>>> print(open('model.csv').read())   # CSV, C-alpha atoms
chain,number,residue,atom,x,y,z
A,1,MET,CA,-139.9,-3.3,-21.3
A,2,GLN,CA,-138.9,-5.3,-18.2
A,3,HIS,CA,-141.3,-4.5,-15.3
A,4,ALA,CA,-140.8,-4.3,-11.6
A,5,ALA,CA,-143.7,-6.6,-10.6
A,6,THR,CA,-142.2,-9.9,-9.5
A,7,PRO,CA,-143.6,-12.8,-7.4
A,8,TYR,CA,-140.7,-12.3,-5.0
A,9,ALA,CA,-140.3,-10.1,-1.9
A,10,PRO,CA,-140.5,-6.3,-2.4
A,11,LEU,CA,-137.3,-4.3,-2.9
A,12,ILE,CA,-135.9,-3.1,0.5
A,13,GLY,CA,-134.0,-0.2,-1.1
A,14,LEU,CA,-131.1,2.0,-0.2
A,15,ALA,CA,-132.5,4.1,2.7
A,16,PRO,CA,-133.5,1.2,5.1
A,17,LEU,CA,-130.3,-0.7,4.3
A,18,MET,CA,-128.1,2.3,4.8
A,19,ARG,CA,-129.9,3.1,8.1
A,20,HIS,CA,-128.9,-0.4,9.4
A,21,ALA,CA,-125.3,0.3,8.5
A,22,PHE,CA,-125.4,3.8,9.9
A,23,LEU,CA,-126.7,2.5,13.2
A,24,ARG,CA,-123.9,-0.1,13.1
A,25,HIS,CA,-126.2,-3.1,12.9
A,26,ASP,CA,-124.7,-6.3,11.7
A,27,LEU,CA,-125.6,-6.6,8.0
A,28,ALA,CA,-124.1,-10.1,7.6
A,29,PRO,CA,-127.3,-12.1,8.4
A,30,LEU,CA,-129.3,-10.0,6.0
A,31,GLY,CA,-126.7,-10.3,3.3
A,32,GLU,CA,-126.7,-14.1,3.8
A,33,ALA,CA,-130.4,-14.2,3.5
A,34,LEU,CA,-130.5,-12.2,0.3
A,35,LEU,CA,-127.7,-14.3,-1.2
A,36,ALA,CA,-129.7,-17.4,-0.3
A,37,ARG,CA,-132.8,-15.9,-2.0
A,38,ALA,CA,-130.8,-15.1,-5.1
A,39,GLN,CA,-129.4,-18.6,-5.3
A,40,ALA,CA,-132.8,-20.2,-4.7
A,41,HIS,CA,-134.6,-17.9,-7.2
A,42,PRO,CA,-132.2,-16.8,-10.0
A,43,GLU,CA,-134.9,-14.5,-11.4
A,44,ASP,CA,-135.4,-12.6,-8.2
A,45,ALA,CA,-133.9,-9.2,-9.2
A,46,HIS,CA,-134.9,-7.6,-5.9
A,47,ALA,CA,-132.7,-10.0,-4.0
A,48,TYR,CA,-129.7,-9.2,-6.3
A,49,MET,CA,-130.2,-5.4,-6.1
A,50,ASP,CA,-130.6,-5.4,-2.3
A,51,PHE,CA,-127.7,-7.7,-1.9
A,52,SER,CA,-125.5,-5.4,-4.0
A,53,ILE,CA,-126.3,-2.5,-1.7
A,54,VAL,CA,-125.4,-4.6,1.3
A,55,LEU,CA,-122.1,-5.5,-0.3
A,56,GLN,CA,-121.4,-1.8,-0.9
A,57,LEU,CA,-122.2,-0.9,2.6
A,58,LYS,CA,-119.8,-3.6,3.8
A,59,GLY,CA,-117.0,-2.2,1.6
A,60,GLN,CA,-117.0,-4.9,-1.1
A,61,ARG,CA,-117.4,-2.6,-4.0
A,62,GLU,CA,-116.3,-4.7,-6.9
A,63,MET,CA,-118.4,-7.7,-5.9
A,64,ALA,CA,-121.3,-5.3,-5.3
A,65,LEU,CA,-121.1,-3.8,-8.8
A,66,ALA,CA,-121.0,-7.3,-10.3
A,67,VAL,CA,-124.1,-8.3,-8.4
A,68,GLN,CA,-125.8,-5.0,-9.4
A,69,ALA,CA,-125.1,-5.7,-13.0
A,70,GLN,CA,-126.8,-9.1,-12.7
A,71,ALA,CA,-129.8,-7.4,-11.2
A,72,ILE,CA,-130.0,-4.8,-14.0
A,73,GLU,CA,-129.7,-7.6,-16.6
A,74,LEU,CA,-132.7,-9.3,-15.0
A,75,GLN,CA,-134.8,-6.1,-14.6
A,76,GLN,CA,-134.3,-2.5,-15.4
A,77,LEU,CA,-137.2,-1.0,-13.4
A,78,TYR,CA,-137.5,-1.0,-9.6
A,79,VAL,CA,-140.5,0.4,-7.7
A,80,LEU,CA,-140.5,1.8,-4.1
A,81,PRO,CA,-144.2,2.5,-3.3
A,82,ALA,CA,-145.3,5.5,-1.4
A,83,GLN,CA,-145.1,4.9,2.3
A,84,ALA,CA,-147.6,7.5,3.5
A,85,PRO,CA,-151.3,7.8,2.5
A,86,ALA,CA,-151.9,10.7,0.1
A,87,SER,CA,-154.5,13.3,0.7
A,88,GLY,CA,-154.7,13.5,-3.1
A,89,PRO,CA,-153.4,11.4,-5.9
A,90,GLY,CA,-149.7,11.6,-4.6
A,91,ILE,CA,-146.8,12.0,-7.0
A,92,LYS,CA,-145.2,9.4,-9.2
A,93,VAL,CA,-141.5,10.1,-9.9
A,94,LEU,CA,-139.5,8.2,-12.5
A,95,MET,CA,-135.8,8.5,-11.8
A,96,LEU,CA,-133.4,7.7,-14.6
A,97,THR,CA,-130.4,6.1,-12.9
A,98,GLY,CA,-127.2,4.5,-13.9
A,99,PRO,CA,-125.2,1.6,-12.6
A,100,GLY,CA,-122.5,2.4,-10.1
A,101,ASP,CA,-121.7,2.8,-6.4
A,102,LEU,CA,-123.5,4.8,-3.8
A,103,MET,CA,-122.1,8.0,-5.1
A,104,SER,CA,-123.2,7.5,-8.7
A,105,ASN,CA,-126.8,8.6,-8.4
A,106,THR,CA,-129.1,11.0,-6.4
A,107,PRO,CA,-130.0,9.1,-3.2
A,108,ILE,CA,-133.6,10.2,-3.6
A,109,GLU,CA,-134.9,7.5,-1.3
A,110,PHE,CA,-133.9,9.5,1.8
A,111,LEU,CA,-135.8,12.5,0.5
A,112,VAL,CA,-139.1,10.8,-0.1
A,113,GLU,CA,-139.3,8.3,2.7
A,114,GLN,CA,-142.5,8.4,4.7
A,115,SER,CA,-144.1,10.5,1.9
A,116,ASP,CA,-146.8,10.0,-0.7
A,117,VAL,CA,-144.2,9.8,-3.5
A,118,THR,CA,-144.1,6.6,-5.5
A,119,LEU,CA,-140.6,6.2,-6.8
A,120,GLU,CA,-139.6,4.2,-9.9
A,121,LEU,CA,-136.0,3.7,-10.6
A,122,LEU,CA,-135.1,2.9,-14.2
A,123,TYR,CA,-131.5,1.8,-14.8
A,124,VAL,CA,-130.0,2.8,-18.1
A,125,THR,CA,-126.5,2.7,-19.6
A,126,ALA,CA,-124.6,4.7,-22.2
A,127,GLU,CA,-124.2,1.6,-24.4
A,128,GLY,CA,-127.3,-0.6,-23.6
A,129,THR,CA,-130.8,-0.7,-25.1
A,130,TRP,CA,-133.2,1.7,-23.7
A,131,PRO,CA,-137.0,1.1,-23.4
A,132,ASP,CA,-139.4,2.3,-26.0
A,133,GLU,CA,-141.9,3.0,-23.3
A,134,VAL,CA,-141.6,4.0,-19.7
A,135,PRO,CA,-144.1,3.9,-16.8
A,136,GLN,CA,-146.6,6.8,-16.5
A,137,HIS,CA,-145.2,9.4,-14.2
A,138,ASP,CA,-145.7,13.0,-13.0
A,139,VAL,CA,-142.1,14.0,-12.9
A,140,LEU,CA,-138.9,12.7,-14.5
A,141,LEU,CA,-135.8,13.2,-12.3
A,142,ILE,CA,-132.3,12.6,-13.7
A,143,GLY,CA,-130.5,10.8,-10.9
A,144,VAL,CA,-127.2,10.1,-12.7
A,145,ALA,CA,-124.3,12.0,-11.0
A,146,GLU,CA,-121.4,13.5,-12.8
A,147,SER,CA,-118.2,11.4,-13.2
A,148,ASP,CA,-115.9,10.8,-16.1
A,149,ALA,CA,-117.5,7.4,-16.4
A,150,ASN,CA,-121.0,8.9,-16.5
A,151,GLN,CA,-120.3,11.7,-18.9
A,152,PRO,CA,-121.3,9.5,-22.0
A,153,LEU,CA,-124.5,8.5,-20.2
A,154,LEU,CA,-125.3,12.1,-19.4
A,155,ALA,CA,-124.7,13.1,-23.0
A,156,ARG,CA,-127.1,10.3,-24.2
A,157,LEU,CA,-129.7,11.3,-21.6
A,158,ALA,CA,-129.6,14.9,-22.8
A,159,GLN,CA,-130.7,13.7,-26.2
A,160,PHE,CA,-133.2,11.3,-24.7
A,161,VAL,CA,-135.1,13.8,-22.6
A,162,ARG,CA,-134.8,16.8,-25.0
A,163,ASP,CA,-138.6,16.7,-25.9
A,164,TRP,CA,-139.8,14.9,-22.8
A,165,PRO,CA,-143.6,15.2,-22.4
A,166,ARG,CA,-143.4,15.5,-18.6
A,167,PRO,CA,-141.5,18.0,-16.4
A,168,VAL,CA,-137.8,17.1,-16.0
A,169,VAL,CA,-135.9,17.9,-12.8
A,170,ASN,CA,-132.1,18.4,-13.1
A,171,LEU,CA,-131.3,18.3,-16.8
A,172,PRO,CA,-128.4,16.1,-17.7
A,173,GLN,CA,-126.5,18.9,-19.5
A,174,HIS,CA,-126.5,20.8,-16.2
A,175,ILE,CA,-125.4,17.8,-14.1
A,176,ALA,CA,-122.5,17.4,-16.5
A,177,HIS,CA,-121.0,20.7,-15.2
A,178,THR,CA,-120.7,19.5,-11.6
A,179,SER,CA,-117.3,18.0,-11.8
A,180,ARG,CA,-114.8,19.8,-9.5
A,181,ASP,CA,-113.2,21.6,-12.4
A,182,GLY,CA,-116.5,22.1,-14.3
A,183,LEU,CA,-118.1,23.6,-11.2
A,184,CYS,CA,-115.1,25.9,-10.7
A,185,ASP,CA,-115.5,27.2,-14.2
A,186,LYS,CA,-119.2,27.7,-13.8
A,187,LEU,CA,-118.8,29.7,-10.6
A,188,GLN,CA,-115.9,31.9,-11.5
A,189,GLY,CA,-116.5,35.6,-11.2
A,190,LEU,CA,-119.6,35.3,-8.9
A,191,ALA,CA,-119.6,38.0,-6.3
A,192,GLY,CA,-119.3,36.7,-2.8
A,193,VAL,CA,-118.3,33.2,-3.9
A,194,ALA,CA,-114.9,31.7,-3.4
A,195,MET,CA,-113.9,28.6,-5.2
A,196,PRO,CA,-110.2,28.3,-6.0
A,197,ARG,CA,-109.3,27.4,-9.5
A,198,THR,CA,-109.3,23.6,-9.9
A,199,ALA,CA,-107.2,21.9,-12.6
A,200,ARG,CA,-107.0,18.3,-13.8
A,201,ILE,CA,-103.4,17.0,-13.9
A,202,SER,CA,-101.8,13.8,-15.0
A,203,ARG,CA,-99.5,11.7,-12.8
A,204,GLU,CA,-96.6,12.8,-15.1
A,205,GLN,CA,-97.5,16.5,-14.7
A,206,LEU,CA,-97.7,16.1,-10.9
A,207,ALA,CA,-94.3,14.5,-10.9
A,208,ALA,CA,-93.0,17.3,-12.9
A,209,LEU,CA,-94.4,19.8,-10.4
A,210,ALA,CA,-92.8,17.8,-7.6
A,211,SER,CA,-89.4,17.9,-9.2
A,212,GLY,CA,-89.6,21.6,-10.2
A,213,GLN,CA,-89.5,20.7,-13.9
A,214,MET,CA,-92.9,22.3,-14.4
A,215,PRO,CA,-93.9,25.6,-12.7
A,216,LEU,CA,-97.2,25.8,-10.8
A,217,ASP,CA,-98.2,28.7,-13.1
A,218,ALA,CA,-98.4,26.3,-16.0
A,219,VAL,CA,-101.6,24.7,-14.4
A,220,LEU,CA,-102.8,27.2,-11.8
A,221,PRO,CA,-101.7,30.7,-13.0
A,222,GLY,CA,-101.2,33.1,-10.2
A,223,ASP,CA,-101.7,30.5,-7.4
A,224,ALA,CA,-99.1,29.2,-4.9
A,225,PHE,CA,-98.6,26.5,-2.3
A,226,PRO,CA,-100.1,25.1,-0.2
A,227,LEU,CA,-102.2,23.0,-2.5
A,228,ILE,CA,-104.8,20.3,-2.0
A,229,VAL,CA,-104.5,17.2,-4.2
A,230,ARG,CA,-106.9,14.3,-4.7
A,231,PRO,CA,-107.4,11.6,-7.3
A,232,LEU,CA,-110.1,12.1,-9.9
A,233,GLY,CA,-113.3,10.4,-8.8
A,234,SER,CA,-112.4,10.2,-5.1
A,235,HIS,CA,-114.9,11.0,-2.4
A,236,ALA,CA,-115.1,11.4,1.4
A,237,GLY,CA,-111.6,12.6,1.6
A,238,HIS,CA,-110.0,9.5,0.2
A,239,ASP,CA,-106.4,10.3,-0.7
A,240,LEU,CA,-107.1,14.0,-0.3
A,241,GLU,CA,-104.0,15.7,1.1
A,242,LYS,CA,-102.5,19.2,1.6
A,243,MET,CA,-99.2,19.9,0.0
A,244,THR,CA,-97.2,22.6,1.8
A,245,GLN,CA,-94.4,22.6,-0.8
A,246,ALA,CA,-93.6,21.0,-4.1
A,247,SER,CA,-91.4,18.3,-2.5
A,248,ASP,CA,-94.4,17.0,-0.5
A,249,LEU,CA,-95.8,15.8,-3.9
A,250,LEU,CA,-93.0,13.2,-4.1
A,251,ALA,CA,-94.1,11.4,-1.0
A,252,TYR,CA,-97.7,11.6,-2.1
A,253,LEU,CA,-97.0,10.0,-5.4
A,254,GLN,CA,-95.2,7.2,-3.6
A,255,THR,CA,-98.3,6.3,-1.7
A,256,VAL,CA,-101.1,7.1,-4.2
A,257,ASP,CA,-101.2,5.1,-7.4
A,258,ALA,CA,-103.9,7.1,-9.3
A,259,GLU,CA,-103.2,8.3,-12.8
A,260,ARG,CA,-105.1,11.6,-12.8
A,261,PHE,CA,-105.6,14.2,-10.1
A,262,TYR,CA,-107.3,17.4,-9.2
A,263,ILE,CA,-105.2,20.2,-7.7
A,264,SER,CA,-106.3,23.6,-6.3
A,265,ARG,CA,-105.0,26.2,-3.9
A,266,PHE,CA,-105.6,25.5,-0.3
A,267,VAL,CA,-107.8,28.1,1.5
A,268,ASP,CA,-107.4,28.4,5.3
A,269,TYR,CA,-110.9,28.9,6.4
A,270,ARG,CA,-110.5,28.4,10.2
A,271,GLY,CA,-112.3,30.7,12.5
A,272,GLU,CA,-110.8,33.0,15.2
A,273,ASP,CA,-111.0,30.1,17.6
A,274,GLY,CA,-108.8,27.9,15.3
A,275,GLN,CA,-111.7,25.6,14.4
A,276,PHE,CA,-112.9,24.8,10.9
A,277,ARG,CA,-116.6,24.7,10.2
A,278,LYS,CA,-118.3,23.1,7.2
A,279,TYR,CA,-121.9,23.3,6.1
A,280,ARG,CA,-123.9,20.9,3.9
A,281,ILE,CA,-126.8,22.7,2.4
A,282,VAL,CA,-129.2,22.0,-0.5
A,283,LEU,CA,-130.8,24.4,-2.9
A,284,ILE,CA,-134.3,23.4,-3.7
A,285,ASP,CA,-135.9,25.6,-6.3
A,286,GLY,CA,-133.2,28.1,-5.4
A,287,LEU,CA,-133.9,28.3,-1.7
A,288,PRO,CA,-131.2,27.1,0.8
A,289,TYR,CA,-131.8,24.5,3.5
A,290,ILE,CA,-129.3,23.3,6.1
A,291,CYS,CA,-128.6,19.5,6.3
A,292,HIS,CA,-125.7,19.4,8.6
A,293,PHE,CA,-122.9,21.5,10.1
A,294,ALA,CA,-119.6,20.1,11.4
A,295,VAL,CA,-116.9,21.6,13.6
A,296,SER,CA,-113.3,20.2,13.6
A,297,SER,CA,-109.8,21.2,14.4
A,298,HIS,CA,-108.7,19.6,11.0
A,299,TRP,CA,-109.3,21.4,7.7
A,300,MET,CA,-110.6,18.2,6.0
A,301,ILE,CA,-114.0,17.8,7.6
A,302,HIS,CA,-116.5,15.0,7.1
A,303,TYR,CA,-119.4,14.8,9.5
A,304,LEU,CA,-118.5,11.3,10.6
A,305,ASN,CA,-114.9,12.2,11.5
A,306,ALA,CA,-115.6,15.6,13.1
A,307,GLY,CA,-116.3,14.1,16.6
A,308,MET,CA,-119.9,15.4,16.8
A,309,ASP,CA,-121.1,12.4,18.8
A,310,GLU,CA,-118.4,13.0,21.4
A,311,SER,CA,-118.9,16.8,21.8
A,312,ALA,CA,-122.0,18.3,23.4
A,313,ALA,CA,-120.5,21.7,22.6
A,314,LYS,CA,-120.2,21.0,18.9
A,315,ARG,CA,-123.8,19.6,18.8
A,316,ALA,CA,-125.0,22.7,20.6
A,317,GLU,CA,-123.3,24.9,18.0
A,318,GLU,CA,-124.9,22.8,15.2
A,319,ALA,CA,-128.3,23.1,16.9
A,320,GLN,CA,-127.9,26.9,16.9
A,321,CYS,CA,-126.8,26.9,13.3
A,322,MET,CA,-129.8,25.0,12.2
A,323,LEU,CA,-132.2,27.1,14.4
A,324,ASN,CA,-130.9,30.4,13.0
A,325,PHE,CA,-129.9,29.2,9.5
A,326,GLU,CA,-132.5,31.2,7.6
A,327,HIS,CA,-131.7,34.5,9.5
A,328,ALA,CA,-128.0,34.0,9.7
A,329,PHE,CA,-126.0,32.0,7.1
A,330,ALA,CA,-128.7,32.0,4.4
A,331,ARG,CA,-129.2,35.7,4.8
A,332,ARG,CA,-125.4,36.5,4.8
A,333,HIS,CA,-125.0,34.6,1.5
A,334,ALA,CA,-128.4,35.2,-0.1
A,335,ALA,CA,-126.9,36.9,-3.1
A,336,ALA,CA,-124.2,34.4,-3.6
A,337,LEU,CA,-126.6,31.5,-3.4
A,338,ARG,CA,-129.0,33.1,-5.8
A,339,ALA,CA,-126.1,33.5,-8.2
A,340,ILE,CA,-125.1,29.9,-7.9
A,341,ASP,CA,-128.7,28.8,-8.5
A,342,ALA,CA,-128.9,30.9,-11.6
A,343,ARG,CA,-125.5,29.6,-13.0
A,344,MET,CA,-126.2,25.9,-12.2
A,345,GLY,CA,-129.9,25.7,-13.3
A,346,MET,CA,-130.6,22.7,-11.1
A,347,PRO,CA,-133.9,22.6,-9.0
A,348,TYR,CA,-132.1,20.2,-6.6
A,349,LEU,CA,-128.4,20.8,-5.8
A,350,GLY,CA,-126.3,19.9,-2.8
A,351,ILE,CA,-123.5,22.1,-1.7
A,352,ASP,CA,-120.6,21.5,0.7
A,353,CYS,CA,-119.3,24.9,1.8
A,354,ALA,CA,-117.8,27.1,4.5
A,355,GLU,CA,-117.1,30.7,5.1
A,356,THR,CA,-113.8,32.4,4.4
A,357,ARG,CA,-112.2,34.7,6.9
A,358,ASP,CA,-113.4,37.7,4.8
A,359,GLY,CA,-117.0,36.5,4.7
A,360,GLU,CA,-117.2,34.9,1.3
A,361,LEU,CA,-119.0,31.6,0.6
A,362,LEU,CA,-116.3,29.0,0.1
A,363,VAL,CA,-117.6,26.2,-2.1
A,364,PHE,CA,-115.9,22.8,-1.9
A,365,GLU,CA,-118.3,20.9,-4.2
A,366,ALA,CA,-121.8,20.9,-5.5
A,367,ASP,CA,-123.7,18.1,-7.1
A,368,ASN,CA,-126.9,16.1,-7.1
A,369,ALA,CA,-125.6,13.0,-5.3
A,370,MET,CA,-124.9,14.2,-1.7
A,371,ILE,CA,-126.5,12.0,0.9
A,372,VAL,CA,-129.1,14.1,2.8
A,373,HIS,CA,-130.7,12.1,5.6
A,374,ALA,CA,-132.4,12.0,9.0
A,375,MET,CA,-130.7,8.9,10.3
A,376,ASP,CA,-129.0,10.4,13.3
A,377,ALA,CA,-130.1,9.3,16.8
A,378,GLU,CA,-132.9,11.6,17.9
A,379,GLU,CA,-131.8,11.4,21.6
A,380,MET,CA,-128.4,12.8,20.7
A,381,TYR,CA,-129.5,15.1,17.8
A,382,PRO,CA,-133.1,16.2,18.7
A,383,TYR,CA,-132.7,19.4,16.7
A,384,LYS,CA,-132.0,17.6,13.4
A,385,ARG,CA,-135.4,16.1,12.8
A,386,PRO,CA,-137.2,19.5,12.4
A,387,ALA,CA,-134.4,20.8,10.1
A,388,MET,CA,-134.6,17.7,7.9
A,389,HIS,CA,-138.4,17.8,7.9
A,390,LYS,CA,-138.0,21.3,6.2
A,391,VAL,CA,-135.8,19.7,3.6
A,392,PHE,CA,-138.1,16.8,2.8
A,393,THR,CA,-141.2,19.1,2.8
A,394,ALA,CA,-139.4,21.5,0.4
A,395,PHE,CA,-138.4,18.6,-1.9
A,396,ARG,CA,-141.9,17.2,-2.0
A,397,ALA,CA,-143.2,20.7,-2.8
A,398,MET,CA,-140.7,21.1,-5.6
A,399,LEU,CA,-141.9,17.9,-7.1
A,400,ALA,CA,-145.5,19.1,-6.9
A,401,ARG,CA,-144.6,22.4,-8.6
A,402,ALA,CA,-142.8,20.6,-11.3
A,403,ALA,CA,-145.7,18.1,-11.8
A,404,ALA,CA,-148.0,21.1,-12.2
A,405,GLY,CA,-145.7,22.7,-14.7
A,406,ASN,CA,-144.7,25.6,-12.4
>>> encode(input="model.csv", output="structure tokens")
Amino acid sequence: MQHAATPYAPLIGLAPLMRHAFLRHDLAPLGEALLARAQAHPEDAHAYMDFSIVLQLKGQREMALAVQAQAIELQQLYVLPAQAPASGPGIKVLMLTGPGDLMSNTPIEFLVEQSDVTLELLYVTAEGTWPDEVPQHDVLLIGVAESDANQPLLARLAQFVRDWPRPVVNLPQHIAHTSRDGLCDKLQGLAGVAMPRTARISREQLAALASGQMPLDAVLPGDAFPLIVRPLGSHAGHDLEKMTQASDLLAYLQTVDAERFYISRFVDYRGEDGQFRKYRIVLIDGLPYICHFAVSSHWMIHYLNAGMDESAAKRAEEAQCMLNFEHAFARRHAAALRAIDARMGMPYLGIDCAETRDGELLVFEADNAMIVHAMDAEEMYPYKRPAMHKVFTAFRAMLARAAAGN
């Protein structure tokens, strides 16, 4: 197979590059240097792969994916060596990953930075040739995230790893159920869990709902407006809107040109003070860990648009949430989280969630591709580093248990 050893500079990788973008550093000089490297050395797969990440971080998705494809054609296997000395032999993780944007695979680099974990990324596709041999490893992790485009790859991976000789973390057949509608189906009927029924709908069906030609009961039996609507495959709130009544769909269709959508009933989860609160947690071997907590006056919360930088009061609330997480949120929803873990069967699972007014765990989404990081400025968020250290330590311990067959 194609090996990761090259005479060129080592791979920079996702985590350092995203940190530059997160801290608003100018990526243009680095991008130009990587492009020059690739042009001077057409066999330098590391330059192509790092350049593709820079392009994605600069919002040039299509060009980024084209450059990524060139990198994968040159070389399927990429190595990120352990960054910390190991007291023992360390852990070697082989992650099977697929081509795609930054939401297409588990961003494991953030979880194992500054650790004794050696990470090898093997890129595979549903149609391409797969290697007869792979590098020696302690744990195999399936990094491919669910999407319509990735479902054929997940199906092929399920066959590929069926009798794998080493422990496998996050089986592909389990990842395949993390679509918004698939997750909804998996979590239906769980006590203490609220996730409104989610349906896929075509543009024609959405237009029929808008005009009154098709009743809402035809796709969401028993539900009513307001609804939330988003295109399939969208992330970070892109084209996610609340529809108060059927006629709102007409204006939505005039501005969004997607062909397929998700729709579900809107849940008003604001607190008594009128603020919405959203948690990002991870389940690691079934135990919950807090990654971030955002407060906003708008129902569609993303950490970067919640105004956390600008509000000392919001940061103070997040600090208390993280400090008391194990004895507050995690305890309140312990049974629900255990039930989710049992249903999903994934040793590593990210969950974006909130609490309903009657105390249920409101699940927005859950998958293996959420970015979990410690990039926030420590002087503004001093409480985050200890919380994230717990996450990274738990992830490393999960890998060790898996490697030991436990």
>>> residues_around(input="model.csv", residues="A:Ile371", least_positions_apart="6", cutoff="9 Å", atoms="all atoms listed in the file", output="number ranges by chain")
A: 103, 106-108, 110, 350
>>> residues_around(input="model.csv", residues="stretch 130-140 of chain A", least_positions_apart="4", cutoff="8 Å", atoms="only C-alpha atoms", output="PDB file with C-alpha atoms, in the coordinates of the input")
ATOM      1  CA  MET A   1    -139.900  -3.300 -21.300  1.00  0.00           C
ATOM      2  CA  ILE A  91    -146.800  12.000  -7.000  1.00  0.00           C
ATOM      3  CA  LYS A  92    -145.200   9.400  -9.200  1.00  0.00           C
ATOM      4  CA  VAL A  93    -141.500  10.100  -9.900  1.00  0.00           C
ATOM      5  CA  LEU A  94    -139.500   8.200 -12.500  1.00  0.00           C
ATOM      6  CA  MET A  95    -135.800   8.500 -11.800  1.00  0.00           C
ATOM      7  CA  LEU A  96    -133.400   7.700 -14.600  1.00  0.00           C
ATOM      8  CA  VAL A 124    -130.000   2.800 -18.100  1.00  0.00           C
ATOM      9  CA  THR A 125    -126.500   2.700 -19.600  1.00  0.00           C
ATOM     10  CA  ARG A 166    -143.400  15.500 -18.600  1.00  0.00           C
ATOM     11  CA  PRO A 167    -141.500  18.000 -16.400  1.00  0.00           C
ATOM     12  CA  VAL A 168    -137.800  17.100 -16.000  1.00  0.00           C
ATOM     13  CA  VAL A 169    -135.900  17.900 -12.800  1.00  0.00           C
ATOM     14  CA  LEU A 399    -141.900  17.900  -7.100  1.00  0.00           C
ATOM     15  CA  ALA A 402    -142.800  20.600 -11.300  1.00  0.00           C
ATOM     16  CA  ALA A 403    -145.700  18.100 -11.800  1.00  0.00           C
TER      17      ALA A 403
END
>>> closest_residue(input="model.csv", among="A:Ala191, A:Val229, A:Ala155, A:Ala400", to="A:Ile340", atoms="all atoms listed in the file")
A:Ala191
>>> closest_atom_pairs(input="model.csv", of="stretch 294-393 of chain A", to="stretch 237-258 of chain A", cutoff="12 Å", atoms="all atoms listed in the file", output="CSV")
residue,atom,partner,partner_atom,distance
A:His298,CA,A:Lys242,CA,11.3
A:Trp299,CA,A:Lys242,CA,9.4
A:Met300,CA,A:Gly237,CA,7.2
A:Ile301,CA,A:Gly237,CA,8.3
A:His302,CA,A:Gly237,CA,7.7
A:Tyr303,CA,A:Gly237,CA,11.3
A:Leu304,CA,A:Gly237,CA,11.4
A:Asn305,CA,A:Gly237,CA,10.4
A:Phe364,CA,A:Gly237,CA,11.6
>>> closest_residue(input="model.csv", among="A:Thr393, A:Gln275, A:Asn406, A:Thr356", to="A:Val193", atoms="only C-alpha atoms")
A:Thr356
